[in-house]
$ cat work-v3.cif   # mmCIF, C-alpha atoms and all ligand atoms
data_input
#
loop_
_atom_site.group_PDB
_atom_site.id
_atom_site.type_symbol
_atom_site.label_atom_id
_atom_site.label_comp_id
_atom_site.auth_asym_id
_atom_site.auth_seq_id
_atom_site.Cartn_x
_atom_site.Cartn_y
_atom_site.Cartn_z
ATOM 1 C CA MET A 1 0.000 0.000 0.000
ATOM 2 C CA SER A 2 1.170 3.484 -0.777
ATOM 3 C CA GLN A 3 2.175 5.615 2.210
ATOM 4 C CA ILE A 4 1.419 8.792 0.309
ATOM 5 C CA ARG A 5 -1.684 10.608 1.482
ATOM 6 C CA LEU A 6 -3.126 12.908 -1.148
ATOM 7 C CA LYS A 7 -3.851 16.492 -0.118
ATOM 8 C CA THR A 8 -7.408 17.799 0.147
ATOM 9 C CA PRO A 9 -8.390 21.158 -1.402
ATOM 10 C CA PHE A 10 -8.485 22.589 2.159
ATOM 11 C CA GLU A 11 -4.880 21.526 2.690
ATOM 12 C CA VAL A 12 -3.743 22.712 -0.727
ATOM 13 C CA GLU A 13 -5.201 26.147 -0.015
ATOM 14 C CA ARG A 14 -3.031 26.425 3.087
ATOM 15 C CA ILE A 15 0.083 25.245 1.258
ATOM 16 C CA ARG A 16 -0.699 27.833 -1.425
ATOM 17 C CA LYS A 17 -0.844 30.577 1.208
ATOM 18 C CA ALA A 18 2.433 29.373 2.691
ATOM 19 C CA GLY A 19 3.836 29.371 -0.837
ATOM 20 C CA ARG A 20 2.829 32.960 -1.485
ATOM 21 C CA ILE A 21 4.569 34.072 1.712
ATOM 22 C CA ALA A 22 7.718 32.108 0.832
ATOM 23 C CA ALA A 23 7.846 33.540 -2.701
ATOM 24 C CA ARG A 24 7.542 37.096 -1.398
ATOM 25 C CA VAL A 25 10.303 36.507 1.136
ATOM 26 C CA LEU A 26 12.661 35.117 -1.501
ATOM 27 C CA ARG A 27 12.018 38.110 -3.749
ATOM 28 C CA ALA A 28 12.732 40.519 -0.893
ATOM 29 C CA CYS A 29 15.948 38.668 0.007
ATOM 30 C CA LYS A 30 17.054 38.699 -3.610
ATOM 31 C CA GLU A 31 16.482 42.453 -3.819
ATOM 32 C CA ALA A 32 18.333 43.002 -0.529
ATOM 33 C CA ILE A 33 21.604 41.504 -1.775
ATOM 34 C CA GLU A 34 24.259 44.173 -2.223
ATOM 35 C CA PRO A 35 27.458 42.421 -3.283
ATOM 36 C CA ASN A 36 30.378 42.878 -0.831
ATOM 37 C CA ARG A 37 28.054 44.329 1.833
ATOM 38 C CA THR A 38 25.282 41.869 2.689
ATOM 39 C CA THR A 39 25.915 38.857 4.903
ATOM 40 C CA ALA A 40 23.995 35.609 4.810
ATOM 41 C CA GLY A 41 22.931 36.270 8.401
ATOM 42 C CA GLU A 42 21.311 39.587 7.446
ATOM 43 C CA LEU A 43 19.216 37.819 4.801
ATOM 44 C CA ASN A 44 18.136 35.287 7.409
ATOM 45 C CA ALA A 45 17.027 38.066 9.773
ATOM 46 C CA LEU A 46 15.066 39.749 6.971
ATOM 47 C CA ALA A 47 13.415 36.448 6.040
ATOM 48 C CA GLU A 48 12.424 35.733 9.629
ATOM 49 C CA ARG A 49 10.851 39.173 10.099
ATOM 50 C CA LEU A 50 8.885 38.974 6.832
ATOM 51 C CA VAL A 51 7.606 35.419 7.387
ATOM 52 C CA LEU A 52 6.251 36.338 10.816
ATOM 53 C CA GLU A 53 4.812 39.657 9.568
ATOM 54 C CA MET A 54 2.841 37.811 6.898
ATOM 55 C CA GLY A 55 1.417 35.342 9.410
ATOM 56 C CA GLY A 56 3.584 32.379 8.500
ATOM 57 C CA PHE A 57 5.920 30.292 10.607
ATOM 58 C CA PRO A 58 9.466 29.278 9.649
ATOM 59 C CA ALA A 59 9.610 25.583 8.720
ATOM 60 C CA PHE A 60 13.379 25.067 8.894
ATOM 61 C CA LYS A 61 14.148 26.624 12.280
ATOM 62 C CA GLY A 62 14.428 23.763 14.730
ATOM 63 C CA TYR A 63 14.074 21.121 12.022
ATOM 64 C CA ARG A 64 16.719 18.583 13.070
ATOM 65 C CA LEU A 65 18.034 21.476 15.200
ATOM 66 C CA TYR A 66 18.735 23.668 12.151
ATOM 67 C CA PRO A 67 19.221 27.186 13.579
ATOM 68 C CA GLY A 68 18.161 29.328 10.585
ATOM 69 C CA VAL A 69 14.971 30.388 8.812
ATOM 70 C CA LEU A 70 16.746 30.449 5.469
ATOM 71 C CA CYS A 71 19.461 28.263 3.936
ATOM 72 C CA VAL A 72 22.026 30.476 2.186
ATOM 73 C CA SER A 73 24.319 28.290 0.087
ATOM 74 C CA ILE A 74 27.173 30.136 -1.603
ATOM 75 C CA ASN A 75 29.258 28.842 -4.556
ATOM 76 C CA GLU A 76 30.653 25.403 -3.524
ATOM 77 C CA GLN A 77 27.843 25.043 -0.977
ATOM 78 C CA ILE A 78 25.093 23.117 -2.750
ATOM 79 C CA VAL A 79 22.375 23.248 -0.065
ATOM 80 C CA HIS A 80 21.857 23.716 3.709
ATOM 81 C CA GLY A 81 24.312 26.618 3.963
ATOM 82 C CA LEU A 82 24.091 28.164 7.443
ATOM 83 C CA PRO A 83 23.254 31.872 7.352
ATOM 84 C CA ASP A 84 26.219 33.260 9.258
ATOM 85 C CA GLY A 85 28.565 36.230 8.898
ATOM 86 C CA ARG A 86 29.838 35.211 5.464
ATOM 87 C CA VAL A 87 29.745 38.256 3.184
ATOM 88 C CA ILE A 88 28.213 37.740 -0.241
ATOM 89 C CA ARG A 89 30.832 38.804 -2.782
ATOM 90 C CA GLU A 90 30.470 40.130 -6.310
ATOM 91 C CA GLY A 91 30.071 37.169 -8.657
ATOM 92 C CA ASP A 92 28.931 34.686 -5.992
ATOM 93 C CA ILE A 93 26.205 32.173 -6.799
ATOM 94 C CA VAL A 94 23.798 32.288 -3.866
ATOM 95 C CA SER A 95 21.021 29.758 -3.299
ATOM 96 C CA LEU A 96 18.253 30.992 -0.969
ATOM 97 C CA ASP A 97 16.010 28.187 0.313
ATOM 98 C CA ILE A 98 13.024 28.649 2.629
ATOM 99 C CA GLY A 99 10.172 26.622 4.073
ATOM 100 C CA VAL A 100 7.063 28.255 5.528
ATOM 101 C CA PHE A 101 4.166 26.843 7.549
ATOM 102 C CA TYR A 102 0.725 28.419 7.296
ATOM 103 C CA GLU A 103 -2.028 27.032 9.545
ATOM 104 C CA GLY A 104 -0.259 23.704 9.868
ATOM 105 C CA PHE A 105 0.767 23.187 6.232
ATOM 106 C CA CYS A 106 4.088 23.915 4.652
ATOM 107 C CA CYS A 107 5.886 24.621 1.424
ATOM 108 C CA ASP A 108 9.551 24.533 0.392
ATOM 109 C CA THR A 109 11.103 26.734 -2.307
ATOM 110 C CA ALA A 110 14.497 28.011 -3.431
ATOM 111 C CA ILE A 111 16.061 30.350 -5.958
ATOM 112 C CA THR A 112 19.646 30.967 -6.979
ATOM 113 C CA VAL A 113 20.777 34.554 -7.307
ATOM 114 C CA ILE A 114 23.961 35.840 -8.917
ATOM 115 C CA ALA A 115 25.425 38.660 -6.827
ATOM 116 C CA GLY A 116 26.297 41.437 -9.269
ATOM 117 C CA HIS A 117 28.246 40.281 -12.308
ATOM 118 C CA THR A 118 29.753 36.890 -12.902
ATOM 119 C CA ASP A 119 31.364 34.877 -15.682
ATOM 120 C CA TYR A 120 29.666 33.161 -18.611
ATOM 121 C CA GLN A 121 29.944 29.622 -17.264
ATOM 122 C CA ARG A 122 28.409 30.486 -13.886
ATOM 123 C CA LYS A 123 25.534 32.261 -15.630
ATOM 124 C CA ARG A 124 24.987 29.174 -17.781
ATOM 125 C CA LEU A 125 24.950 26.930 -14.696
ATOM 126 C CA VAL A 126 22.252 29.046 -13.058
ATOM 127 C CA ARG A 127 20.218 29.240 -16.273
ATOM 128 C CA TYR A 128 20.350 25.487 -16.832
ATOM 129 C CA THR A 129 19.350 24.772 -13.248
ATOM 130 C CA GLU A 130 16.322 27.077 -13.407
ATOM 131 C CA GLU A 131 15.323 25.572 -16.720
ATOM 132 C CA ALA A 132 15.807 22.047 -15.304
ATOM 133 C CA LEU A 133 13.234 22.883 -12.642
ATOM 134 C CA ARG A 134 10.787 23.962 -15.358
ATOM 135 C CA VAL A 135 11.458 20.767 -17.324
ATOM 136 C CA GLY A 136 10.996 18.681 -14.154
ATOM 137 C CA ILE A 137 7.673 20.391 -13.391
ATOM 138 C CA GLU A 138 6.485 19.746 -16.959
ATOM 139 C CA HIS A 139 6.928 16.024 -16.313
ATOM 140 C CA ALA A 140 4.942 16.114 -13.049
ATOM 141 C CA ARG A 141 1.587 14.858 -14.287
ATOM 142 C CA PRO A 142 -0.732 11.912 -13.613
ATOM 143 C CA GLY A 143 0.430 8.711 -15.293
ATOM 144 C CA ASN A 144 4.065 9.756 -15.077
ATOM 145 C CA THR A 145 6.365 8.656 -12.254
ATOM 146 C CA THR A 146 8.953 10.274 -10.011
ATOM 147 C CA GLY A 147 11.544 8.654 -12.289
ATOM 148 C CA ASP A 148 10.198 10.630 -15.257
ATOM 149 C CA ILE A 149 10.811 13.884 -13.360
ATOM 150 C CA SER A 150 14.284 12.757 -12.299
ATOM 151 C CA TYR A 151 15.280 11.561 -15.731
ATOM 152 C CA ALA A 152 14.025 14.767 -17.372
ATOM 153 C CA ILE A 153 16.099 16.904 -15.000
ATOM 154 C CA GLU A 154 19.254 14.827 -15.343
ATOM 155 C CA SER A 155 19.163 14.525 -19.118
ATOM 156 C CA TYR A 156 18.395 18.233 -19.547
ATOM 157 C CA VAL A 157 21.369 19.456 -17.501
ATOM 158 C CA LYS A 158 23.718 16.915 -19.084
ATOM 159 C CA GLN A 159 22.984 18.469 -22.475
ATOM 160 C CA GLY A 160 24.509 21.653 -21.075
ATOM 161 C CA GLY A 161 27.592 19.846 -19.744
ATOM 162 C CA PHE A 162 26.366 19.921 -16.115
ATOM 163 C CA GLN A 163 25.339 17.186 -13.676
ATOM 164 C CA PRO A 164 23.011 16.753 -10.721
ATOM 165 C CA ALA A 165 24.842 16.540 -7.384
ATOM 166 C CA GLN A 166 24.973 12.918 -6.239
ATOM 167 C CA GLY A 167 22.495 11.550 -3.749
ATOM 168 C CA LEU A 168 20.328 14.651 -3.361
ATOM 169 C CA ALA A 169 16.580 14.591 -3.980
ATOM 170 C CA GLY A 170 13.303 16.458 -4.005
ATOM 171 C CA HIS A 171 10.422 15.132 -1.906
ATOM 172 C CA GLY A 172 6.771 15.219 -0.987
ATOM 173 C CA VAL A 173 5.815 18.187 1.210
ATOM 174 C CA GLY A 174 2.778 19.652 2.967
ATOM 175 C CA ARG A 175 2.088 18.280 6.410
ATOM 176 C CA PHE A 176 5.788 17.865 7.033
ATOM 177 C CA LEU A 177 8.766 19.448 5.338
ATOM 178 C CA HIS A 178 9.911 16.089 3.999
ATOM 179 C CA GLU A 179 7.391 13.448 3.016
ATOM 180 C CA MET A 180 7.274 10.544 0.606
ATOM 181 C CA PRO A 181 7.985 10.186 -2.254
ATOM 182 C CA ASP A 182 11.649 10.990 -2.815
ATOM 183 C CA ILE A 183 12.409 12.570 -6.181
ATOM 184 C CA PRO A 184 16.115 11.951 -6.806
ATOM 185 C CA ASN A 185 17.742 14.260 -9.322
ATOM 186 C CA TRP A 186 20.161 11.538 -10.202
ATOM 187 C CA GLY A 187 20.336 7.988 -11.491
ATOM 188 C CA MET A 188 16.647 7.255 -12.169
ATOM 189 C CA GLN A 189 15.093 5.684 -15.248
ATOM 190 C CA PRO A 190 11.876 6.926 -16.899
ATOM 191 C CA GLY A 191 8.814 5.001 -15.735
ATOM 192 C CA LYS A 192 10.468 3.922 -12.445
ATOM 193 C CA GLY A 193 9.664 5.134 -8.951
ATOM 194 C CA VAL A 194 6.272 6.259 -7.649
ATOM 195 C CA LYS A 195 3.276 6.832 -9.938
ATOM 196 C CA LEU A 196 2.030 10.413 -9.748
ATOM 197 C CA GLN A 197 -1.593 11.154 -8.894
ATOM 198 C CA PRO A 198 -3.706 14.325 -8.675
ATOM 199 C CA GLY A 199 -3.516 15.694 -5.130
ATOM 200 C CA MET A 200 0.149 14.899 -4.583
ATOM 201 C CA VAL A 201 2.215 17.902 -3.484
ATOM 202 C CA LEU A 202 5.879 17.692 -4.427
ATOM 203 C CA ALA A 203 8.993 19.782 -3.854
ATOM 204 C CA ILE A 204 11.004 19.467 -7.058
ATOM 205 C CA GLU A 205 14.533 20.765 -6.633
ATOM 206 C CA PRO A 206 17.383 20.320 -9.095
ATOM 207 C CA MET A 207 20.767 20.776 -7.367
ATOM 208 C CA ILE A 208 23.230 21.051 -10.226
ATOM 209 C CA VAL A 209 27.032 21.252 -10.253
ATOM 210 C CA MET A 210 29.567 22.633 -12.679
ATOM 211 C CA GLY A 211 32.250 20.033 -11.963
ATOM 212 C CA SER A 212 32.270 16.619 -10.306
ATOM 213 C CA PRO A 213 28.955 15.426 -8.814
ATOM 214 C CA GLU A 214 30.630 14.135 -5.644
ATOM 215 C CA VAL A 215 29.504 15.825 -2.440
ATOM 216 C CA GLU A 216 30.678 16.053 1.153
ATOM 217 C CA ILE A 217 29.493 17.598 4.407
ATOM 218 C CA ALA A 218 31.211 20.849 5.422
ATOM 219 C CA ASP A 219 33.018 21.271 8.742
ATOM 220 C CA ASP A 220 29.973 23.047 10.180
ATOM 221 C CA HIS A 221 28.087 19.710 9.768
ATOM 222 C CA TRP A 222 25.282 21.443 7.848
ATOM 223 C CA ALA A 223 26.303 22.646 4.410
ATOM 224 C CA ILE A 224 26.516 20.028 1.674
ATOM 225 C CA ILE A 225 29.415 21.095 -0.539
ATOM 226 C CA THR A 226 31.012 19.911 -3.760
ATOM 227 C CA ARG A 227 34.101 17.793 -3.181
ATOM 228 C CA ASP A 228 35.986 19.697 -5.903
ATOM 229 C CA ARG A 229 34.740 23.065 -4.495
ATOM 230 C CA LYS A 230 33.346 24.053 -7.874
ATOM 231 C CA PRO A 231 30.045 25.968 -7.807
ATOM 232 C CA ALA A 232 26.505 24.606 -7.655
ATOM 233 C CA ALA A 233 23.041 26.058 -8.250
ATOM 234 C CA HIS A 234 19.618 25.140 -6.831
ATOM 235 C CA PHE A 235 16.020 26.015 -7.691
ATOM 236 C CA GLU A 236 12.938 24.571 -6.000
ATOM 237 C CA HIS A 237 9.183 24.868 -6.247
ATOM 238 C CA THR A 238 6.380 23.181 -4.380
ATOM 239 C CA VAL A 239 3.858 21.946 -6.962
ATOM 240 C CA LEU A 240 0.432 20.321 -6.888
ATOM 241 C CA VAL A 241 -0.150 17.455 -9.301
ATOM 242 C CA THR A 242 -3.510 18.119 -11.008
ATOM 243 C CA GLU A 243 -5.558 16.219 -13.608
ATOM 244 C CA ASN A 244 -3.777 18.069 -16.418
ATOM 245 C CA GLY A 245 -0.270 18.634 -15.114
ATOM 246 C CA ALA A 246 1.252 20.521 -12.227
ATOM 247 C CA GLU A 247 0.413 23.828 -10.617
ATOM 248 C CA ILE A 248 3.184 25.796 -8.909
ATOM 249 C CA LEU A 249 2.163 26.736 -5.340
ATOM 250 C CA THR A 250 5.260 28.761 -4.399
ATOM 251 C CA ILE A 251 4.487 31.881 -6.428
ATOM 252 C CA GLU A 252 3.152 35.313 -5.497
HETATM 253 N N1 LIG A 301 14.831 23.015 2.201
HETATM 254 C C1 LIG A 301 15.657 21.870 2.207
HETATM 255 C C2 LIG A 301 15.065 21.022 1.129
HETATM 256 O O1 LIG A 301 14.842 21.601 0.111
HETATM 257 C C3 LIG A 301 15.719 21.267 3.563
HETATM 258 C C4 LIG A 301 16.258 22.203 4.585
HETATM 259 S S1 LIG A 301 16.360 21.375 6.052
HETATM 260 C C5 LIG A 301 17.189 22.409 7.043
HETATM 261 O O2 LIG A 301 14.728 19.878 1.232
HETATM 262 F F1 LIG A 301 17.255 21.808 8.161
HETATM 263 F F2 LIG A 301 18.372 22.663 6.532
HETATM 264 F F3 LIG A 301 16.535 23.512 7.138
HETATM 265 CO CO CO A 302 14.180 23.643 0.146
HETATM 266 CO CO CO A 303 13.103 20.631 -0.469
#
$ encode --input "work-v3.cif" --output "structure tokens"
Amino acid sequence: MSQIRLKTPFEVERIRKAGRIAARVLRACKEAIEPNRTTAGELNALAERLVLEMGGFPAFKGYRLYPGVLCVSINEQIVHGLPDGRVIREGDIVSLDIGVFYEGFCCDTAITVIAGHTDYQRKRLVRYTEEALRVGIEHARPGNTTGDISYAIESYVKQGGFQPAQGLAGHGVGRFLHEMPDIPNWGMQPGKGVKLQPGMVLAIEPMIVMGSPEVEIADDHWAIITRDRKPAAHFEHTVLVTENGAEILTIE
């Protein structure tokens, strides 16, 4: 028997409200970045204030003892970067990831921002990762499987000379931050995995690297970084699988 409980319209409405808050916070954080001046910690403080002002509740803070509201993952940090005193420098690739609860239901969403100007290859990495999310979402429809999403993401980025980071995955979301099913970005075949059904809510999140796909845990025990220290990018949306396709819930 499947362990995946489909979401009711009542629940989806709450996830949608959480998603609107999260999208607004990410936009505000993006606009707040002034290269060589802003620290990751300042973005976290801004995110916390805005989430609470809009009636949401931070979903990451306290999750497995994570101390932040936002994950700020810079350059070689793929995901789960701690928002500390690190200054965001001109040309950095900065992933901003946030989860928000609204009346008991949560969303999860991330963008990658380039601070100021950067080189051609870094711009391409970010563009391919954002586009990989769009391609993944296009494959989230009834009759397809989680493997179809995974395979679409992996084959798309490989065309650009990039790869998904090893072992990292998207996931179901809604009642909890991480639910079944897993949606690996890596190593799946089309038609494999879990069959998608209307009412499933999924966090699809390509985490894409410029160099080797091998990862390791940073000394702070939180950030997942590339072993070769080359940059990574990350985009994420929470989507609802509908009769005809997928609807993005983490938009304004
Ligand atoms: N948002 C991450 C994800 O996309 C999970 C963050 S967990 C935290 O799945 F503990 F780091 F906040
Ligand atoms: Co996330
Ligand atoms: Co996620």
$ residues_around --input "work-v3.cif" --residues "Phe235 (chain A)" --least-positions-apart "6" --cutoff "9 Å" --atoms "all atoms listed in the file" --output "list in words"
Ser95, Leu96, Asp97, Thr109, Ala110, Ile111, Thr112, Val126, Thr129, Glu130, Ala132, Leu133, Ile204, Glu205, Pro206 and Met207 of chain A
$ atom_distance --input "work-v3.cif" --atom1 "CA of Leu196 (chain A)" --atom2 "CA of Glu243 (chain A)"
10.3 Å
$ atom_distance --input "work-v3.cif" --atom1 "CA of Asn36 (chain A)" --atom2 "CA of Ile88 (chain A)"
5.6 Å
$ resolve_selection --input "work-v3.cif" --expression "the PyMOL selection byres (((chain A and resi 83-85) around 7) and not hetatm)" --output "PDB file with C-alpha atoms, in the coordinates of the input"
ATOM      1  CA  THR A  39      25.915  38.857   4.903  1.00  0.00           C
ATOM      2  CA  ALA A  40      23.995  35.609   4.810  1.00  0.00           C
ATOM      3  CA  GLY A  41      22.931  36.270   8.401  1.00  0.00           C
ATOM      4  CA  ASN A  44      18.136  35.287   7.409  1.00  0.00           C
ATOM      5  CA  GLY A  68      18.161  29.328  10.585  1.00  0.00           C
ATOM      6  CA  LEU A  70      16.746  30.449   5.469  1.00  0.00           C
ATOM      7  CA  CYS A  71      19.461  28.263   3.936  1.00  0.00           C
ATOM      8  CA  VAL A  72      22.026  30.476   2.186  1.00  0.00           C
ATOM      9  CA  GLY A  81      24.312  26.618   3.963  1.00  0.00           C
ATOM     10  CA  LEU A  82      24.091  28.164   7.443  1.00  0.00           C
ATOM     11  CA  ARG A  86      29.838  35.211   5.464  1.00  0.00           C
ATOM     12  CA  VAL A  87      29.745  38.256   3.184  1.00  0.00           C
TER      13      VAL A  87
END
$ resolve_selection --input "work-v3.cif" --expression "the PyMOL selection byres (((chain A and resi 174-177) around 8) and not hetatm)" --output "PDB file with C-alpha atoms, in the frame of the given file"
ATOM      1  CA  LYS A   7      -3.851  16.492  -0.118  1.00  0.00           C
ATOM      2  CA  GLU A  11      -4.880  21.526   2.690  1.00  0.00           C
ATOM      3  CA  ILE A  15       0.083  25.245   1.258  1.00  0.00           C
ATOM      4  CA  ALA A  59       9.610  25.583   8.720  1.00  0.00           C
ATOM      5  CA  GLY A  99      10.172  26.622   4.073  1.00  0.00           C
ATOM      6  CA  GLY A 104      -0.259  23.704   9.868  1.00  0.00           C
ATOM      7  CA  PHE A 105       0.767  23.187   6.232  1.00  0.00           C
ATOM      8  CA  CYS A 106       4.088  23.915   4.652  1.00  0.00           C
ATOM      9  CA  CYS A 107       5.886  24.621   1.424  1.00  0.00           C
ATOM     10  CA  ASP A 108       9.551  24.533   0.392  1.00  0.00           C
ATOM     11  CA  GLY A 172       6.771  15.219  -0.987  1.00  0.00           C
ATOM     12  CA  VAL A 173       5.815  18.187   1.210  1.00  0.00           C
ATOM     13  CA  HIS A 178       9.911  16.089   3.999  1.00  0.00           C
ATOM     14  CA  GLU A 179       7.391  13.448   3.016  1.00  0.00           C
ATOM     15  CA  VAL A 201       2.215  17.902  -3.484  1.00  0.00           C
TER      16      VAL A 201
END
$ closest_residue --input "work-v3.cif" --among "A:Glu154, A:Gly199, A:Arg64, A:Arg27" --to "Leu46 (chain A)" --atoms "only C-alpha atoms"
A:Arg27
$ closest_residue --input "work-v3.cif" --among "A:Met200, A:Met180, A:Ala115, A:Val94" --to "Glu34 (chain A)" --atoms "only C-alpha atoms"
A:Ala115
$ atom_distance --input "work-v3.cif" --atom1 "CA of Phe101 (chain A)" --atom2 "CA of Glu252 (chain A)"
15.6 Å
$ residues_near_point --input "work-v3.cif" --point "(15.5, 6.5, -10.6)" --cutoff "12 Å" --atoms "all atoms listed in the file" --output "NGL selection string"
:A and (145-154 or 167-169 or 181-194)
$ residues_around --input "work-v3.cif" --residues "region 224-231 of chain A" --least-positions-apart "3" --cutoff "12 Å" --atoms "all atoms listed in the file" --output "PyMOL selection string"
chain A and resi 71-82+91-95+112+114+119+121-126+162-168+207-221+234
$ residues_around --input "work-v3.cif" --residues "region 50-55 of chain A" --least-positions-apart "5" --cutoff "8 Å" --atoms "all atoms listed in the file" --output "ChimeraX atom specification"
/A:21-22,25,100,102
$ closest_residue --input "work-v3.cif" --among "A:Ile33, A:Ile98, A:Arg134, A:Tyr120" --to "ligand CO 303 (chain A)" --atoms "all atoms listed in the file"
A:Ile98
$ closest_residue --input "work-v3.cif" --among "A:Pro198, A:Gly143, A:Ile251, A:Phe60" --to "ligand CO 302 (chain A)" --atoms "only C-alpha atoms and all ligand atoms"
A:Phe60
$ resolve_selection --input "work-v3.cif" --expression "the PyMOL selection byres (((chain A and resi 250) around 6) and not hetatm)" --output "PDB file with C-alpha atoms, in the frame of the given file"
ATOM      1  CA  GLY A  19       3.836  29.371  -0.837  1.00  0.00           C
ATOM      2  CA  ARG A  20       2.829  32.960  -1.485  1.00  0.00           C
ATOM      3  CA  ALA A  23       7.846  33.540  -2.701  1.00  0.00           C
ATOM      4  CA  HIS A 237       9.183  24.868  -6.247  1.00  0.00           C
ATOM      5  CA  THR A 238       6.380  23.181  -4.380  1.00  0.00           C
ATOM      6  CA  ILE A 248       3.184  25.796  -8.909  1.00  0.00           C
ATOM      7  CA  LEU A 249       2.163  26.736  -5.340  1.00  0.00           C
ATOM      8  CA  ILE A 251       4.487  31.881  -6.428  1.00  0.00           C
TER       9      ILE A 251
END
$ closest_residue --input "work-v3.cif" --among "A:Gly116, A:Gly136, A:Pro58, A:Gly160" --to "ligand LIG 301 (chain A)" --atoms "only C-alpha atoms and all ligand atoms"
A:Pro58
$ closest_residue --input "work-v3.cif" --among "A:Ala233, A:Arg24, A:Val239, A:Gly170" --to "ligand CO 303 (chain A)" --atoms "all atoms listed in the file"
A:Gly170
$ axis_aligned_box --input "work-v3.cif" --around "region 206-220 of chain A" --padding-each-side "8 Å" --output "AutoDock Vina command-line options"
--center_x 25.2 --center_y 18.6 --center_z -1.2 --size_x 31.6 --size_y 24.9 --size_z 38.9
$ decode --input "work-v3.cif" --residues "region 156-171 of chain A" --atoms "N, CA and C atoms" --output "mmCIF file, in the first residue's frame"
data_model
loop_
_atom_site.group_PDB
_atom_site.id
_atom_site.type_symbol
_atom_site.label_atom_id
_atom_site.label_comp_id
_atom_site.auth_asym_id
_atom_site.auth_seq_id
_atom_site.Cartn_x
_atom_site.Cartn_y
_atom_site.Cartn_z
ATOM 1 N N TYR A 156 18.348 16.836 -19.113
ATOM 2 C CA TYR A 156 18.395 18.233 -19.547
ATOM 3 C C TYR A 156 19.729 18.879 -19.169
ATOM 4 N N VAL A 157 20.143 18.748 -17.910
ATOM 5 C CA VAL A 157 21.369 19.456 -17.501
ATOM 6 C C VAL A 157 22.612 18.853 -18.154
ATOM 7 N N LYS A 158 22.563 17.553 -18.432
ATOM 8 C CA LYS A 158 23.718 16.915 -19.084
ATOM 9 C C LYS A 158 23.945 17.468 -20.487
ATOM 10 N N GLN A 159 22.839 17.833 -21.156
ATOM 11 C CA GLN A 159 22.984 18.469 -22.475
ATOM 12 C C GLN A 159 23.810 19.747 -22.396
ATOM 13 N N GLY A 160 23.754 20.412 -21.248
ATOM 14 C CA GLY A 160 24.509 21.653 -21.075
ATOM 15 C C GLY A 160 25.899 21.418 -20.522
ATOM 16 N N GLY A 161 26.271 20.157 -20.296
ATOM 17 C CA GLY A 161 27.592 19.846 -19.744
ATOM 18 C C GLY A 161 27.619 19.886 -18.225
ATOM 19 N N PHE A 162 26.445 19.891 -17.585
ATOM 20 C CA PHE A 162 26.366 19.921 -16.115
ATOM 21 C C PHE A 162 25.829 18.582 -15.610
ATOM 22 N N GLN A 163 25.846 18.418 -14.276
ATOM 23 C CA GLN A 163 25.339 17.186 -13.676
ATOM 24 C C GLN A 163 24.598 17.489 -12.388
ATOM 25 N N PRO A 164 23.620 16.629 -12.043
ATOM 26 C CA PRO A 164 23.011 16.753 -10.721
ATOM 27 C C PRO A 164 24.012 16.310 -9.653
ATOM 28 N N ALA A 165 24.013 16.972 -8.515
ATOM 29 C CA ALA A 165 24.842 16.540 -7.384
ATOM 30 C C ALA A 165 24.358 15.160 -6.928
ATOM 31 N N GLN A 166 25.310 14.307 -6.570
ATOM 32 C CA GLN A 166 24.973 12.918 -6.239
ATOM 33 C C GLN A 166 24.187 12.797 -4.936
ATOM 34 N N GLY A 167 23.170 11.949 -4.985
ATOM 35 C CA GLY A 167 22.495 11.550 -3.749
ATOM 36 C C GLY A 167 21.456 12.523 -3.223
ATOM 37 N N LEU A 168 21.282 13.661 -3.881
ATOM 38 C CA LEU A 168 20.328 14.651 -3.361
ATOM 39 C C LEU A 168 19.004 14.549 -4.108
ATOM 40 N N ALA A 169 17.900 14.865 -3.424
ATOM 41 C CA ALA A 169 16.580 14.591 -3.980
ATOM 42 C C ALA A 169 15.556 15.626 -3.579
ATOM 43 N N GLY A 170 14.528 15.770 -4.406
ATOM 44 C CA GLY A 170 13.303 16.458 -4.005
ATOM 45 C C GLY A 170 12.449 15.478 -3.201
ATOM 46 N N HIS A 171 11.200 15.893 -2.887
ATOM 47 C CA HIS A 171 10.422 15.132 -1.906
ATOM 48 C C HIS A 171 8.978 15.594 -1.878
#
